[in-house]
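A.B. asks: Dropping in data_23.pdb, with PDB, C-alpha atoms.
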MODEL        1
ATOM      1  CA  MET T 278    -100.781 147.711-102.284
ATOM      2  CA  SER T 279    -102.229 144.914-104.369
ATOM      3  CA  THR T 280    -104.273 143.689-101.383
ATOM      4  CA  TYR T 281    -106.045 147.059-101.155
ATOM      5  CA  ILE T 282    -106.831 146.996-104.857
ATOM      6  CA  GLN T 283    -108.224 143.475-104.605
ATOM      7  CA  ILE T 284    -110.417 144.483-101.663
ATOM      8  CA  ALA T 285    -111.591 147.576-103.562
ATOM      9  CA  GLN T 286    -112.381 145.406-106.594
ATOM     10  CA  LEU T 287    -114.380 142.978-104.457
ATOM     11  CA  VAL T 288    -116.383 145.787-102.832
ATOM     12  CA  LEU T 289    -117.000 147.429-106.214
ATOM     13  CA  ALA T 290    -118.179 144.111-107.664
ATOM     14  CA  LEU T 291    -120.669 143.578-104.833
ATOM     15  CA  VAL T 292    -122.023 147.137-105.057
ATOM     16  CA  LEU T 293    -122.270 146.845-108.854
ATOM     17  CA  ILE T 294    -124.229 143.582-108.554
ATOM     18  CA  LEU T 295    -126.568 145.211-106.037
ATOM     19  CA  ALA T 296    -127.090 148.264-108.270
ATOM     20  CA  ILE T 297    -127.901 146.050-111.261
ATOM     21  CA  LEU T 298    -130.344 143.948-109.258
ATOM     22  CA  LEU T 299    -132.117 147.075-108.023
ATOM     23  CA  GLN T 300    -132.784 148.102-111.633
ATOM     24  CA  VAL T 301    -134.591 144.880-112.540
ATOM     25  CA  ARG T 302    -137.702 145.716-110.507
ATOM     26  CA  GLY T 303    -140.961 144.552-112.019
ATOM     27  CA  GLY T 304    -139.378 142.910-115.044
ATOM     28  CA  GLY T 305    -140.482 139.374-114.320
ATOM     29  CA  LEU T 306    -139.577 136.380-116.432
ATOM     30  CA  GLY T 307    -141.865 137.455-119.264
ATOM     31  CA  GLY T 308    -139.301 139.980-120.485
ATOM     32  CA  ILE T 309    -136.707 137.263-120.907
ATOM     33  CA  PHE T 310    -138.859 135.349-123.382
ATOM     34  CA  GLY T 311    -139.951 138.350-125.445
ATOM     35  CA  SER T 312    -143.166 139.396-123.789
ATOM     36  CA  GLN T 313    -145.435 141.685-125.805
ATOM     37  CA  GLU T 314    -145.761 144.080-122.856
ATOM     38  CA  THR T 315    -142.596 145.974-123.724
ATOM     39  CA  VAL T 316    -143.093 149.695-123.382
ATOM     40  CA  PHE T 317    -140.408 152.202-124.238
ATOM     41  CA  ARG T 318    -140.214 154.980-121.680
ATOM     42  CA  THR T 319    -137.648 157.406-120.377
ATOM     43  CA  LYS T 320    -135.889 157.024-117.068
ATOM     44  CA  ARG T 321    -136.774 159.671-114.492
ATOM     45  CA  GLY T 322    -135.886 160.531-110.923
ATOM     46  CA  VAL T 323    -134.365 157.793-108.803
ATOM     47  CA  GLU T 324    -134.363 155.331-111.701
ATOM     48  CA  LYS T 325    -132.226 157.675-113.813
ATOM     49  CA  THR T 326    -129.854 158.377-110.905
ATOM     50  CA  LEU T 327    -129.476 154.649-110.205
ATOM     51  CA  PHE T 328    -128.764 153.993-113.892
ATOM     52  CA  GLN T 329    -126.086 156.697-114.015
ATOM     53  CA  PHE T 330    -124.584 155.427-110.736
ATOM     54  CA  THR T 331    -124.412 151.919-112.217
ATOM     55  CA  VAL T 332    -122.617 153.183-115.325
ATOM     56  CA  VAL T 333    -120.074 155.082-113.204
ATOM     57  CA  LEU T 334    -119.573 152.023-110.988
ATOM     58  CA  ALA T 335    -118.951 149.838-114.038
ATOM     59  CA  VAL T 336    -116.352 152.274-115.395
ATOM     60  CA  VAL T 337    -114.594 152.494-112.015
ATOM     61  CA  PHE T 338    -114.653 148.693-111.714
ATOM     62  CA  ILE T 339    -113.043 148.313-115.139
ATOM     63  CA  LEU T 340    -110.374 150.898-114.291
ATOM     64  CA  VAL T 341    -109.555 149.168-110.995
ATOM     65  CA  ALA T 342    -109.372 145.822-112.816
ATOM     66  CA  MET T 343    -106.934 147.307-115.345
ATOM     67  CA  VAL T 344    -104.773 148.738-112.545
ATOM     68  CA  SER T 345    -104.854 145.359-110.804
ATOM     69  CA  VAL T 346    -103.688 143.559-113.940
ATOM     70  CA  ARG T 347    -100.978 146.162-114.461
ATOM     71  CA  LEU T 348     -99.679 145.679-110.893
ATOM     72  CA  LEU T 349     -99.778 141.899-111.077
ATOM     73  CA  SER T 350     -97.891 141.832-114.368
ATOM     74  CA  GLY T 351     -95.133 143.909-112.791
ATOM     75  CA  GLY T 352     -95.217 146.719-115.288
TER      76      GLY T 352
ENDMDL
END
Would it be possible to restate this file's structure as structure tokens?

C.D. replies:
Amino acid sequence: MSTYIQIAQLVLALVLILAILLQVRGGGLGGIFGSQETVFRTKRGVEKTLFQFTVVLAVVFILVAMVSVRLLSGG
């Protein structure tokens, strides 16, 4: 059982990394150093769906990690 959870956690981690990397389009390195081109805008369409999918993936990943710890601790 613990093998399946570890595989699920690995797959979730890879998909979560991919989803996060897809959101960083067009950011460039300027945003890291505090570029003045920051514009506040709302997420729409695919961008909003991808953001919500990433949040759900993160929650599921955390839940699977908690289950994994619970199984490994024997309780």

A.B. asks: When you look at segment 287-293 of chain T with a cut-off of 10 Å (counting only C-alpha atoms), what residues show up, excluding the ones that are within fewer than 6 positions of it in the same chain? I need them as a list in words.

C.D. replies: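 The filter keeps Tyr281, Leu299, Phe330, Thr331, Val332, Val333, Leu334, Ala335, Val337, Phe338, Ile339 and Val341 of chain T.
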
A.B. asks: Those selected residues, please, written with C-alpha atoms and delivered as a short mmCIF file (atom, residue, chain, number, x, y, z; two decimals), keeping the file's coordinate frame.

C.D. replies:
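Heads up, here's the output in out03.cif:
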data_model
loop_
_atom_site.label_atom_id
_atom_site.label_comp_id
_atom_site.auth_asym_id
_atom_site.auth_seq_id
_atom_site.Cartn_x
_atom_site.Cartn_y
_atom_site.Cartn_z
CA TYR T 281 -106.04 147.06 -101.16
CA LEU T 299 -132.12 147.07 -108.02
CA PHE T 330 -124.58 155.43 -110.74
CA THR T 331 -124.41 151.92 -112.22
CA VAL T 332 -122.62 153.18 -115.32
CA VAL T 333 -120.07 155.08 -113.20
CA LEU T 334 -119.57 152.02 -110.99
CA ALA T 335 -118.95 149.84 -114.04
CA VAL T 337 -114.59 152.49 -112.02
CA PHE T 338 -114.65 148.69 -111.71
CA ILE T 339 -113.04 148.31 -115.14
CA VAL T 341 -109.56 149.17 -111.00
#

A.B. asks: Name the closest residue to Met278 of chain T among the candidates T:Gln300, T:Thr319, T:Thr326, T:Ser345; distances are taken between atoms, counting only C-alpha atoms.

C.D. replies: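 For Met278 of chain T, the nearest of the given residues is T:Ser345.
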
A.B. asks: Mind telling me what the PyMOL selection byres ((chain T and resi 348) around 12) catches here, as a ChimeraX atom specification?

C.D. replies: /T:278-283,341-347,349-352

A.B. asks: Keeping only C-alpha atoms, write those residues as a short mmCIF file (atom, residue, chain, number, x, y, z; two decimals), in the coordinates of the input.

C.D. replies:
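Resulting contents of part21.cif:
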data_model
loop_
_atom_site.label_atom_id
_atom_site.label_comp_id
_atom_site.auth_asym_id
_atom_site.auth_seq_id
_atom_site.Cartn_x
_atom_site.Cartn_y
_atom_site.Cartn_z
CA MET T 278 -100.78 147.71 -102.28
CA SER T 279 -102.23 144.91 -104.37
CA THR T 280 -104.27 143.69 -101.38
CA TYR T 281 -106.04 147.06 -101.16
CA ILE T 282 -106.83 147.00 -104.86
CA GLN T 283 -108.22 143.48 -104.60
CA VAL T 341 -109.56 149.17 -111.00
CA ALA T 342 -109.37 145.82 -112.82
CA MET T 343 -106.93 147.31 -115.34
CA VAL T 344 -104.77 148.74 -112.54
CA SER T 345 -104.85 145.36 -110.80
CA VAL T 346 -103.69 143.56 -113.94
CA ARG T 347 -100.98 146.16 -114.46
CA LEU T 349 -99.78 141.90 -111.08
CA SER T 350 -97.89 141.83 -114.37
CA GLY T 351 -95.13 143.91 -112.79
CA GLY T 352 -95.22 146.72 -115.29
#

A.B. asks: Hey, can you check how far atom CA of Ala296 of chain T sits from atom CA of Gln329 of chain T?

C.D. replies: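 Those two atoms sit 10.3 Å apart.
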
A.B. asks: Generate the coordinates of N, CA and C atoms for segment 279-297 of chain T; report them as a short mmCIF file (atom, residue, chain, number, x, y, z; two decimals), in the coordinates of the input.

C.D. replies:
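Wrote selection-v1.cif, looks like this:
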data_model
loop_
_atom_site.label_atom_id
_atom_site.label_comp_id
_atom_site.auth_asym_id
_atom_site.auth_seq_id
_atom_site.Cartn_x
_atom_site.Cartn_y
_atom_site.Cartn_z
N SER T 279 -101.34 145.73 -103.54
CA SER T 279 -102.23 144.91 -104.37
C SER T 279 -103.40 144.36 -103.54
N THR T 280 -103.18 144.16 -102.24
CA THR T 280 -104.27 143.69 -101.38
C THR T 280 -105.39 144.71 -101.32
N TYR T 281 -105.03 146.00 -101.21
CA TYR T 281 -106.04 147.06 -101.16
C TYR T 281 -106.83 147.14 -102.46
N ILE T 282 -106.15 146.95 -103.56
CA ILE T 282 -106.83 147.00 -104.86
C ILE T 282 -107.77 145.81 -105.01
N GLN T 283 -107.35 144.65 -104.53
CA GLN T 283 -108.22 143.48 -104.60
C GLN T 283 -109.45 143.65 -103.72
N ILE T 284 -109.28 144.22 -102.54
CA ILE T 284 -110.42 144.48 -101.66
C ILE T 284 -111.35 145.51 -102.31
N ALA T 285 -110.78 146.56 -102.89
CA ALA T 285 -111.59 147.58 -103.56
C ALA T 285 -112.36 146.95 -104.73
N GLN T 286 -111.72 146.06 -105.46
CA GLN T 286 -112.38 145.41 -106.59
C GLN T 286 -113.52 144.52 -106.11
N LEU T 287 -113.33 143.82 -105.01
CA LEU T 287 -114.38 142.98 -104.46
C LEU T 287 -115.57 143.81 -104.00
N VAL T 288 -115.31 144.91 -103.30
CA VAL T 288 -116.38 145.79 -102.83
C VAL T 288 -117.12 146.40 -104.02
N LEU T 289 -116.38 146.86 -105.03
CA LEU T 289 -117.00 147.43 -106.21
C LEU T 289 -117.88 146.40 -106.93
N ALA T 290 -117.41 145.17 -107.00
CA ALA T 290 -118.18 144.11 -107.66
C ALA T 290 -119.49 143.87 -106.93
N LEU T 291 -119.45 143.81 -105.61
CA LEU T 291 -120.67 143.58 -104.83
C LEU T 291 -121.66 144.74 -104.97
N VAL T 292 -121.15 145.97 -104.92
CA VAL T 292 -122.02 147.14 -105.06
C VAL T 292 -122.60 147.20 -106.47
N LEU T 293 -121.80 146.85 -107.47
CA LEU T 293 -122.27 146.84 -108.85
C LEU T 293 -123.37 145.80 -109.05
N ILE T 294 -123.19 144.62 -108.47
CA ILE T 294 -124.23 143.58 -108.55
C ILE T 294 -125.52 144.07 -107.90
N LEU T 295 -125.39 144.69 -106.74
CA LEU T 295 -126.57 145.21 -106.04
C LEU T 295 -127.27 146.29 -106.86
N ALA T 296 -126.50 147.19 -107.46
CA ALA T 296 -127.09 148.26 -108.27
C ALA T 296 -127.81 147.70 -109.49
N ILE T 297 -127.25 146.67 -110.10
CA ILE T 297 -127.90 146.05 -111.26
C ILE T 297 -129.19 145.34 -110.84
#
